[in-house]
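S.K.: Contents of final-v5.csv (CSV, C-alpha atoms) are below:
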chain,number,residue,atom,x,y,z
A,300,MET,CA,-25.7,-2.5,-36.9
A,301,VAL,CA,-23.2,-3.0,-34.1
A,302,CYS,CA,-21.4,0.1,-32.9
A,303,GLU,CA,-17.9,-0.4,-31.6
A,304,LYS,CA,-17.1,1.1,-28.3
A,305,LYS,CA,-14.8,4.1,-28.4
A,306,ILE,CA,-11.8,4.5,-26.1
A,307,MET,CA,-12.1,7.7,-24.2
A,308,GLU,CA,-9.0,7.3,-22.0
A,309,GLU,CA,-6.0,5.0,-22.1
A,310,VAL,CA,-3.2,4.8,-19.6
A,311,SER,CA,0.2,3.4,-20.5
A,312,GLY,CA,-1.1,-0.1,-21.4
A,313,TRP,CA,-2.7,-0.6,-18.0
A,314,LEU,CA,-6.3,0.6,-18.5
A,315,ARG,CA,-8.8,1.7,-21.1
A,316,VAL,CA,-12.0,3.6,-20.4
A,317,PHE,CA,-14.8,3.4,-23.0
A,318,ASP,CA,-17.5,5.8,-24.0
A,319,ASP,CA,-20.2,3.6,-22.4
A,320,GLY,CA,-18.4,3.9,-19.0
A,321,SER,CA,-16.9,0.3,-19.1
A,322,VAL,CA,-13.3,-0.3,-18.1
A,323,ASP,CA,-10.8,-2.8,-19.5
A,324,ARG,CA,-7.8,-3.5,-17.3
A,325,THR,CA,-6.3,-6.2,-19.6
A,326,TRP,CA,-2.5,-5.7,-19.7
A,327,THR,CA,-1.4,-4.6,-23.2
A,328,GLY,CA,2.3,-3.9,-22.4
A,329,PRO,CA,5.3,-6.3,-22.9
A,330,PRO,CA,4.1,-9.9,-22.4
A,331,GLU,CA,7.2,-10.8,-20.4
A,332,VAL,CA,6.1,-8.7,-17.4
A,333,LYS,CA,2.5,-9.7,-17.5
A,334,PHE,CA,3.1,-12.3,-14.7
A,335,MET,CA,3.6,-9.5,-12.1
A,336,ALA,CA,0.0,-8.4,-12.7
A,337,GLU,CA,-1.6,-11.8,-12.4
A,338,PRO,CA,-3.4,-13.1,-9.4
A,339,VAL,CA,-1.8,-15.7,-7.0
A,340,PRO,CA,-4.4,-18.1,-5.6
A,341,PRO,CA,-4.6,-18.3,-1.8
A,342,HIS,CA,-3.0,-21.3,-0.1
A,343,ASP,CA,-3.8,-22.5,3.4
A,344,ASP,CA,-0.6,-24.6,3.4
A,345,PHE,CA,2.7,-23.0,4.1
A,346,VAL,CA,4.7,-22.2,0.9
A,347,ASP,CA,8.2,-20.8,1.6
A,348,GLY,CA,7.1,-20.2,5.2
A,349,VAL,CA,3.9,-18.3,4.5
A,350,ALA,CA,0.2,-19.3,4.2
A,351,THR,CA,-2.5,-17.1,2.7
A,352,ARG,CA,-6.2,-16.8,2.9
A,353,ASP,CA,-8.8,-14.5,1.3
A,354,VAL,CA,-11.5,-13.3,3.7
A,355,LEU,CA,-14.8,-11.5,3.1
A,356,ILE,CA,-15.0,-8.9,5.9
A,357,ASP,CA,-18.2,-7.1,4.9
A,358,THR,CA,-21.0,-9.0,3.3
A,359,LYS,CA,-22.9,-5.8,2.4
A,360,SER,CA,-20.1,-4.1,0.5
A,361,GLY,CA,-18.2,-7.2,-0.6
A,362,LEU,CA,-14.9,-5.9,1.0
A,363,ARG,CA,-12.2,-8.6,1.1
A,364,VAL,CA,-8.7,-8.9,2.5
A,365,ARG,CA,-5.9,-11.3,1.8
A,366,ILE,CA,-4.1,-12.5,5.0
A,367,TYR,CA,-0.4,-13.6,5.0
A,368,LEU,CA,0.5,-15.8,8.0
A,369,PRO,CA,4.2,-16.7,8.6
A,370,ALA,CA,4.9,-20.2,9.9
A,371,ALA,CA,5.8,-20.6,13.6
A,372,GLU,CA,9.6,-20.6,14.2
A,373,ASN,CA,9.2,-23.1,17.1
A,374,GLN,CA,6.5,-24.9,19.0
A,375,ASN,CA,6.3,-22.2,21.7
A,376,ASP,CA,5.3,-19.5,19.3
A,377,PHE,CA,1.9,-17.9,19.9
A,378,LEU,CA,1.4,-19.7,23.2
A,379,ASP,CA,1.3,-16.5,25.2
A,380,HIS,CA,0.9,-12.7,24.5
A,381,LYS,CA,4.6,-12.0,24.1
A,382,HIS,CA,4.9,-14.4,21.2
A,383,LYS,CA,1.9,-13.0,19.3
A,384,LEU,CA,2.6,-11.3,16.0
A,385,PRO,CA,2.2,-7.7,15.0
A,386,ILE,CA,-0.3,-6.9,12.2
A,387,ILE,CA,0.6,-5.0,9.0
A,388,LEU,CA,-2.5,-3.6,7.3
A,389,HIS,CA,-1.5,-3.2,3.7
A,390,PHE,CA,-3.0,-0.9,1.0
A,391,HIS,CA,-1.9,-1.7,-2.6
A,392,GLY,CA,-0.9,0.9,-5.1
A,393,GLY,CA,-2.0,1.4,-8.7
A,394,GLY,CA,-3.0,5.1,-8.8
A,395,PHE,CA,-6.3,4.2,-7.2
A,396,CYS,CA,-7.3,2.7,-10.7
A,397,ILE,CA,-5.5,-0.6,-11.1
A,398,SER,CA,-4.0,-3.6,-9.3
A,399,GLN,CA,-5.4,-6.0,-6.7
A,400,ALA,CA,-4.2,-7.4,-3.4
A,401,ASP,CA,-3.5,-10.8,-4.9
A,402,TRP,CA,-1.3,-9.7,-7.8
A,403,TYR,CA,2.1,-11.4,-7.9
A,404,MET,CA,4.0,-8.1,-7.5
A,405,TYR,CA,2.5,-7.8,-4.0
A,406,TYR,CA,2.6,-11.5,-3.2
A,407,HIS,CA,6.4,-11.8,-3.8
A,408,ILE,CA,7.2,-8.8,-1.5
A,409,TYR,CA,4.6,-9.2,1.2
A,410,THR,CA,5.2,-12.9,1.8
A,411,ARG,CA,8.8,-11.9,2.2
A,412,LEU,CA,8.0,-9.1,4.6
A,413,ALA,CA,5.6,-11.3,6.7
A,414,ARG,CA,8.4,-13.9,6.9
A,415,ASP,CA,11.2,-11.5,7.7
A,416,ALA,CA,9.3,-9.2,10.1
A,417,ARG,CA,7.5,-12.1,11.8
A,418,ALA,CA,4.2,-10.3,11.2
A,419,ILE,CA,0.7,-11.1,9.9
A,420,CYS,CA,0.0,-9.0,6.7
A,421,VAL,CA,-3.6,-8.1,6.0
A,422,SER,CA,-3.9,-6.7,2.4
A,423,VAL,CA,-7.1,-5.0,1.4
A,424,TYR,CA,-8.8,-5.4,-1.9
A,425,LEU,CA,-9.4,-1.7,-2.5
A,426,ARG,CA,-12.2,-0.6,-4.8
A,427,LEU,CA,-10.9,1.0,-8.0
A,428,ALA,CA,-11.6,4.2,-9.9
A,429,PRO,CA,-13.1,5.4,-12.1
A,430,GLU,CA,-16.0,3.1,-11.1
A,431,HIS,CA,-15.3,4.0,-7.5
A,432,ARG,CA,-13.7,7.5,-7.2
A,433,LEU,CA,-12.0,8.7,-4.1
A,434,PRO,CA,-12.5,8.6,-1.2
A,435,ALA,CA,-13.6,5.0,-1.9
A,436,ALA,CA,-10.2,3.5,-1.5
A,437,SER,CA,-9.6,5.3,1.8
A,438,ASP,CA,-13.1,4.3,3.0
A,439,ASP,CA,-12.1,0.6,2.3
A,440,GLY,CA,-8.8,1.0,4.2
A,441,TYR,CA,-10.5,2.5,7.2
A,442,SER,CA,-13.3,-0.2,7.1
A,443,ALA,CA,-10.5,-2.8,7.2
A,444,LEU,CA,-9.0,-1.1,10.3
A,445,LEU,CA,-12.4,-1.1,12.0
A,446,TRP,CA,-12.8,-4.8,11.2
A,447,LEU,CA,-9.5,-5.4,13.0
A,448,ARG,CA,-10.9,-3.4,15.9
A,449,SER,CA,-14.0,-5.6,15.9
A,450,LEU,CA,-11.8,-8.7,16.1
A,451,ALA,CA,-9.8,-7.2,19.0
A,452,LYS,CA,-13.1,-6.5,20.8
A,453,GLY,CA,-14.4,-10.0,20.2
A,454,ASP,CA,-17.3,-8.8,18.1
A,455,SER,CA,-16.0,-10.7,15.1
A,456,LEU,CA,-13.8,-13.7,14.7
A,457,ASP,CA,-11.0,-14.7,12.3
A,458,PRO,CA,-9.2,-18.0,13.2
A,459,TRP,CA,-5.7,-16.8,12.2
A,460,LEU,CA,-5.9,-13.2,13.6
A,461,ASN,CA,-7.7,-14.0,16.8
A,462,THR,CA,-5.2,-16.9,17.5
A,463,TYR,CA,-1.9,-15.4,16.4
A,464,ALA,CA,-2.2,-11.6,16.2
A,465,ASP,CA,-1.2,-8.8,18.7
A,466,PHE,CA,-3.9,-6.1,18.3
A,467,ASN,CA,-1.7,-3.7,20.3
A,468,ARG,CA,0.8,-3.6,17.4
A,469,VAL,CA,-1.0,-2.7,14.2
A,470,PHE,CA,0.9,-0.9,11.5
A,471,LEU,CA,-0.4,0.7,8.3
A,472,ILE,CA,1.7,0.2,5.1
A,473,GLY,CA,1.0,1.2,1.5
A,474,ASP,CA,2.7,1.3,-1.8
A,475,SER,CA,2.5,4.5,-4.0
A,476,SER,CA,-1.2,5.5,-3.9
A,477,GLY,CA,-1.6,3.1,-1.0
A,478,GLY,CA,0.7,5.4,0.9
A,479,ASN,CA,-1.9,8.1,0.5
A,480,VAL,CA,-4.4,5.7,2.0
A,481,VAL,CA,-2.0,5.2,4.9
A,482,HIS,CA,-2.0,8.9,5.8
A,483,ASP,CA,-5.7,9.3,5.4
A,484,VAL,CA,-6.6,6.2,7.4
A,485,ALA,CA,-4.1,7.2,10.1
A,486,SER,CA,-5.7,10.6,10.3
A,487,ARG,CA,-9.2,9.2,10.6
A,488,ALA,CA,-8.1,6.7,13.3
A,489,GLY,CA,-6.6,9.6,15.3
A,490,LYS,CA,-10.1,11.1,15.6
A,491,SER,CA,-11.7,7.8,16.8
A,492,ASN,CA,-11.5,5.5,19.8
A,493,MET,CA,-9.6,2.4,18.4
A,494,SER,CA,-9.5,0.6,21.7
A,495,PRO,CA,-8.6,-2.1,22.4
A,496,LEU,CA,-6.7,-2.0,19.1
A,497,SER,CA,-3.5,0.2,19.1
A,498,LEU,CA,-2.1,1.8,16.0
A,499,ALA,CA,1.7,1.5,16.5
A,500,GLY,CA,3.0,3.0,13.3
A,501,ALA,CA,2.5,4.0,9.7
A,502,ILE,CA,4.8,3.2,6.7
A,503,PRO,CA,4.0,5.0,3.5
A,504,ILE,CA,6.3,3.7,0.7
A,505,HIS,CA,6.8,6.2,-2.2
A,506,PRO,CA,3.3,7.7,-1.6
A,507,GLY,CA,1.6,9.5,-4.4
A,508,PHE,CA,1.8,12.9,-2.9
A,509,VAL,CA,1.6,15.5,-5.7
A,510,ARG,CA,0.4,19.0,-6.5
A,511,SER,CA,-1.4,20.5,-9.5
A,512,GLU,CA,1.8,22.3,-10.5
A,513,ARG,CA,4.6,20.1,-11.8
A,514,SER,CA,7.5,19.7,-9.4
A,515,ARG,CA,11.1,19.9,-10.5
A,516,SER,CA,11.6,16.1,-10.0
A,517,GLU,CA,8.6,15.4,-12.3
A,518,LEU,CA,10.3,17.5,-15.0
A,519,GLU,CA,13.8,16.2,-14.5
A,520,GLU,CA,13.8,12.6,-13.1
A,521,PRO,CA,13.5,9.7,-15.6
A,522,GLU,CA,10.2,7.9,-15.8
A,523,SER,CA,10.1,4.3,-14.6
A,524,PRO,CA,8.1,1.2,-15.4
A,525,PHE,CA,5.9,1.8,-12.4
A,526,LEU,CA,5.4,5.6,-12.7
A,527,THR,CA,5.2,7.9,-15.8
A,528,LEU,CA,3.8,11.4,-16.0
A,529,ASP,CA,1.0,9.9,-18.2
A,530,MET,CA,0.1,7.6,-15.3
A,531,VAL,CA,0.2,10.4,-12.7
A,532,ASP,CA,-2.0,12.7,-14.7
A,533,LYS,CA,-4.5,10.2,-16.1
A,534,PHE,CA,-4.9,7.9,-13.1
A,535,LEU,CA,-5.6,10.9,-10.8
A,536,LYS,CA,-8.0,12.5,-13.3
A,537,LEU,CA,-10.0,9.2,-13.2
A,538,ALA,CA,-9.6,8.8,-9.4
A,539,LEU,CA,-10.3,12.2,-7.9
A,540,PRO,CA,-13.8,13.4,-7.3
A,541,VAL,CA,-15.2,15.1,-10.4
A,542,GLY,CA,-14.1,18.7,-10.5
A,543,CYS,CA,-11.2,18.2,-8.1
A,544,THR,CA,-7.5,18.8,-8.8
A,545,LYS,CA,-4.4,17.1,-7.5
A,546,ASP,CA,-4.5,19.6,-4.6
A,547,HIS,CA,-7.2,17.4,-3.1
A,548,PRO,CA,-6.4,16.4,0.6
A,549,ILE,CA,-5.8,12.7,-0.3
A,550,THR,CA,-3.3,13.5,-3.0
A,551,CYS,CA,-1.8,16.6,-1.4
A,552,PRO,CA,-2.1,16.2,2.4
A,553,MET,CA,0.6,18.9,2.9
A,554,GLY,CA,-1.4,21.4,0.9
A,555,CYS,CA,-3.7,24.2,1.8
A,556,ALA,CA,-6.9,22.3,1.1
A,557,ALA,CA,-5.9,19.5,3.6
A,558,PRO,CA,-6.5,19.6,7.4
A,559,PRO,CA,-3.4,21.2,9.0
A,560,ILE,CA,-0.9,18.4,9.8
A,561,ASN,CA,-0.1,19.9,13.2
A,562,GLY,CA,-3.7,19.3,14.2
A,563,LEU,CA,-3.6,15.6,13.4
A,564,LYS,CA,-3.1,12.8,15.9
A,565,LEU,CA,-0.7,10.4,14.0
A,566,PRO,CA,1.3,7.3,15.0
A,567,PRO,CA,5.1,7.2,14.5
A,568,VAL,CA,5.9,7.2,10.7
A,569,LEU,CA,8.6,5.5,8.7
A,570,PHE,CA,8.7,7.5,5.5
A,571,CYS,CA,10.2,5.4,2.6
A,572,LEU,CA,11.7,7.4,-0.3
A,573,ALA,CA,13.3,6.4,-3.5
A,574,GLU,CA,16.1,8.8,-4.5
A,575,ASN,CA,15.1,8.8,-8.2
A,576,ASP,CA,11.4,8.9,-7.7
A,577,LEU,CA,9.6,11.0,-10.3
A,578,ILE,CA,7.5,12.6,-7.5
A,579,ARG,CA,10.3,12.8,-4.9
A,580,ASP,CA,10.0,16.6,-4.5
A,581,THR,CA,6.4,16.6,-3.4
A,582,GLU,CA,7.0,13.5,-1.2
A,583,MET,CA,9.8,15.5,0.5
A,584,GLU,CA,7.3,18.4,1.0
A,585,TYR,CA,5.2,16.1,3.0
A,586,TYR,CA,8.2,14.9,5.1
A,587,GLU,CA,9.2,18.5,5.8
A,588,ALA,CA,5.6,19.4,6.7
A,589,MET,CA,5.5,16.5,9.2
A,590,LYS,CA,8.8,17.6,10.7
A,591,LYS,CA,7.7,21.2,11.0
A,592,ALA,CA,4.6,20.0,12.8
A,593,ASN,CA,6.8,18.0,15.2
A,594,LYS,CA,5.4,14.7,14.2
A,595,ASP,CA,7.3,11.5,14.9
A,596,ILE,CA,8.7,10.7,11.5
A,597,GLU,CA,11.9,9.1,10.2
A,598,MET,CA,13.1,8.6,6.6
A,599,LEU,CA,14.4,5.5,4.9
A,600,ILE,CA,16.1,6.4,1.5
A,601,ASN,CA,16.9,3.9,-1.2
A,602,HIS,CA,19.6,5.4,-3.3
A,603,GLY,CA,19.7,5.1,-7.1
A,604,MET,CA,16.1,3.7,-7.1
A,605,GLY,CA,12.9,4.7,-8.8
A,606,HIS,CA,9.3,4.6,-7.8
A,607,SER,CA,8.1,1.2,-6.4
A,608,PHE,CA,11.4,-0.5,-7.5
A,609,TYR,CA,10.9,-3.4,-5.1
A,610,LEU,CA,7.7,-4.6,-6.7
A,611,ASN,CA,9.6,-5.2,-10.0
A,612,LYS,CA,10.4,-8.9,-9.5
A,613,ILE,CA,12.5,-9.1,-12.7
A,614,ALA,CA,14.8,-6.3,-11.5
A,615,VAL,CA,15.0,-7.7,-8.0
A,616,ASP,CA,16.1,-11.0,-9.4
A,617,MET,CA,18.4,-9.7,-12.2
A,618,ASP,CA,20.0,-6.5,-10.8
A,619,PRO,CA,22.2,-6.8,-7.7
A,620,HIS,CA,21.7,-3.2,-6.7
A,621,THR,CA,17.9,-3.5,-6.9
A,622,ALA,CA,18.2,-6.7,-4.8
A,623,GLN,CA,20.4,-5.0,-2.3
A,624,GLN,CA,18.1,-2.0,-2.0
A,625,THR,CA,15.0,-4.2,-1.7
A,626,GLN,CA,16.7,-6.0,1.2
A,627,LYS,CA,17.6,-2.7,2.8
A,628,LEU,CA,13.9,-1.6,2.5
A,629,ILE,CA,12.6,-4.9,4.1
A,630,ALA,CA,15.2,-4.7,6.8
A,631,GLY,CA,14.4,-1.1,7.6
A,632,ILE,CA,10.7,-1.8,7.8
A,633,THR,CA,11.3,-4.9,10.0
A,634,GLU,CA,13.5,-2.9,12.4
A,635,PHE,CA,10.8,-0.1,12.6
A,636,ILE,CA,8.2,-2.7,13.5
A,637,ASN,CA,10.4,-4.4,16.1
A,638,ARG,CA,11.1,-1.0,17.7
A,639,HIS,CA,7.6,0.2,18.1
A,640,TYR,CA,5.3,-1.1,20.8
A,641,ASN,CA,2.1,0.4,22.2
Show me, as structure tokens, the structure contained in the file I just sent.
M.R.:
Amino acid sequence: MVCEKKIMEEVSGWLRVFDDGSVDRTWTGPPEVKFMAEPVPPHDDFVDGVATRDVLIDTKSGLRVRIYLPAAENQNDFLDHKHKLPIILHFHGGGFCISQADWYMYYHIYTRLARDARAICVSVYLRLAPEHRLPAASDDGYSALLWLRSLAKGDSLDPWLNTYADFNRVFLIGDSSGGNVVHDVASRAGKSNMSPLSLAGAIPIHPGFVRSERSRSELEEPESPFLTLDMVDKFLKLALPVGCTKDHPITCPMGCAAPPINGLKLPPVLFCLAENDLIRDTEMEYYEAMKKANKDIEMLINHGMGHSFYLNKIAVDMDPHTAQQTQKLIAGITEFINRHYN
């Protein structure tokens, strides 16, 4: 007799966890949006001005990154230090439970950012919960930063990064839960000697900062395709260490359980906020805590937009306001990168 597996947890069409511990991440939502959650193969040739490679950076753990390299604008590019490109170390979102660095939703926006900002983007394939609960994703993000440091020191070699990258200008960027990883990795880096690498800035975009208690925006703002209350609750239940609440330092870095922000050594921060984000109020709590601690933080607000709006390729293509706000976001990030040197 064959016993069927029983679904123990299901999250908004994105994920199903079974009673035997197995996880199915097959998309079961509307088929017309499935393409955004499909992998894009790497390509060494330049497509729309950007080439991509997948690189194994740790043979023991299997940790990988995807590298986006923009094409040279002229033949003198990269010949001396002043023409070398900043590095954007990217942490994908997905509530710590879903998505991969090679998904089309990230490919379409980070090829664009690499091209517009004239930067090399290194996107980390973060381990996913519930198989790998927190702090696994943050550990992977920090391991990727240490790999970049090893390249800067000459202890490791990557043909693209060692040839074209400026290790004095490394920026952390993350979408949604990836924004949580940005803060945690920046905090860890502040306690370590990163030399000869320099962390020039951090860019959390709509980070998943929450509390155990519902915020007003969670109760009043409309849910969006990329964030519902069901996703917030269930993803974090699966991602946080067993027995922990949303007040955990990774999900609530402005809370009492987290290290005091005024004691952290952090790089300049560009804090990206969507006006209609479901978790806007707790994101603003973080911003205010950073300001109170006299940290170097500025805000970029996208008006009339919801959580991770820029990843929705259909909306970016079909809705002029979404397209305009996406361009504003890309331009703001580019300006921040161009302004910050170490």
S.K.: Please enclose the listed atoms of segment 412-421 of chain A in an axis-aligned box, pad each side by 3 Å, and write out the centre and the three edge lengths in Å, rounded to one decimal, as JSON.
M.R.:
{"center_x": 3.8, "center_y": -11.0, "center_z": 8.2, "size_x": 20.8, "size_y": 11.8, "size_z": 13.2}
S.K.: Which of these residues is nearest to Gly605 of chain A, using all atoms listed in the file: A:Ser514, A:Ser311, A:Gln626, A:Asn575?
M.R.: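 Between A:Ser514, A:Ser311, A:Gln626, A:Asn575, the residue approaching Gly605 of chain A most closely is A:Asn575.
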S.K.: Extract, using only C-alpha atoms, all DNA, RNA and protein residues at most 9 Å from Leu628 of chain A, discarding same-chain residues fewer than 3 positions from it, and format them as a compact mmCIF listing (two decimals) with C-alpha atoms, keeping the file's coordinate frame.
M.R.:
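Final output, result06.txt:
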# COMPACT_ATOMS: atom_id res chain seq x y z
CA CYS A 571 10.20 5.40 2.60
CA LEU A 599 14.40 5.50 4.90
CA ILE A 600 16.10 6.40 1.50
CA ASN A 601 16.90 3.90 -1.20
CA TYR A 609 10.90 -3.40 -5.10
CA GLN A 623 20.40 -5.00 -2.30
CA GLN A 624 18.10 -2.00 -2.00
CA THR A 625 15.00 -4.20 -1.70
CA GLY A 631 14.40 -1.10 7.60
CA ILE A 632 10.70 -1.80 7.80
CA THR A 633 11.30 -4.90 10.00
S.K.: Fewer than 6 positions away in the same chain doesn't count, so skip those; otherwise give me all residues within 6 Å of Ile596 of chain A, counting all atoms listed in the file, as a list in words.
M.R.: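 Everything that qualifies: Pro567, Val568 and Leu569 of chain A.
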S.K.: Which distance in Å separates atom CA of Gly477 of chain A and atom CA of Leu425 of chain A, to one decimal?
M.R.: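 Distance between the two atoms: 9.3 Å.
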S.K.: Between atom CA of Thr550 of chain A and atom CA of Asp576 of chain A, what is the spacing in Å?
M.R.: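 Distance reported for this atom pair: 16.1 Å.
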S.K.: I'd like the contact shell of Asn467 of chain A - 12 Å cut-off, only C-alpha atoms, skipping same-chain residues fewer than 2 positions apart - returned as a PyMOL selection string.
M.R.: chain A and resi 380-381+383-387+447-448+451-452+464-465+469-470+493-500+639-641
S.K.: Can you pull out the residues contacting Pro329 of chain A? Cut-off 12 Å, using all atoms listed in the file, and skip same-chain residues under 6 positions away; I want them as a list in words.
M.R.: Ser311, Gly312, Trp313, Met335, Ala336 and Pro524 of chain A
S.K.: Ranking A:Gly394, A:Pro540, A:Pro619, A:Gly489 by minimum distance to Leu563 of chain A and counting all atoms listed in the file, which one comes first?
M.R.: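 Of the candidates, the smallest distance to Leu563 of chain A is held by A:Gly489.
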S.K.: What is the distance, in Å and to one decimal place, between atom CA of Cys543 of chain A and atom CA of Glu574 of chain A?
M.R.: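 Between these atoms lies a distance of 29.1 Å.
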S.K.: Tell me, counting all atoms listed in the file, for each residue of segment 411-520 of chain A within 8 Å of segment 534-537 of chain A, which pair of atoms is nearest and how far apart they are in Å to one decimal, in rows ordered by chain and increasing number, as CSV.
M.R.:
residue,atom,partner,partner_atom,distance
A:Ala428,CA,A:Leu537,CA,6.2
A:Pro429,CA,A:Leu537,CA,5.0
A:Arg432,CA,A:Leu537,CA,7.3
S.K.: Would you kindly identify which residues have an atom no farther than 12 Å from (6.4, -7.4, -17.0), using all atoms listed in the file and the file's own coordinates, and write them out as a list of chain:residue names?
M.R.: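 All residues meeting the 12 Å criterion around (6.4, -7.4, -17.0) are A:Gly312, A:Trp313, A:Trp326, A:Thr327, A:Gly328, A:Pro329, A:Pro330, A:Glu331, A:Val332, A:Lys333, A:Phe334, A:Met335, A:Ala336, A:Glu337, A:Tyr403, A:Met404, A:Pro524, A:Phe525, A:Leu610, A:Asn611, A:Lys612, A:Ile613, A:Ala614.
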S.K.: For Pro566 of chain A, which residue out of A:His482, A:Arg352, A:Ile578, A:Ser476 is the nearest one, using all atoms listed in the file?
M.R.: A:His482
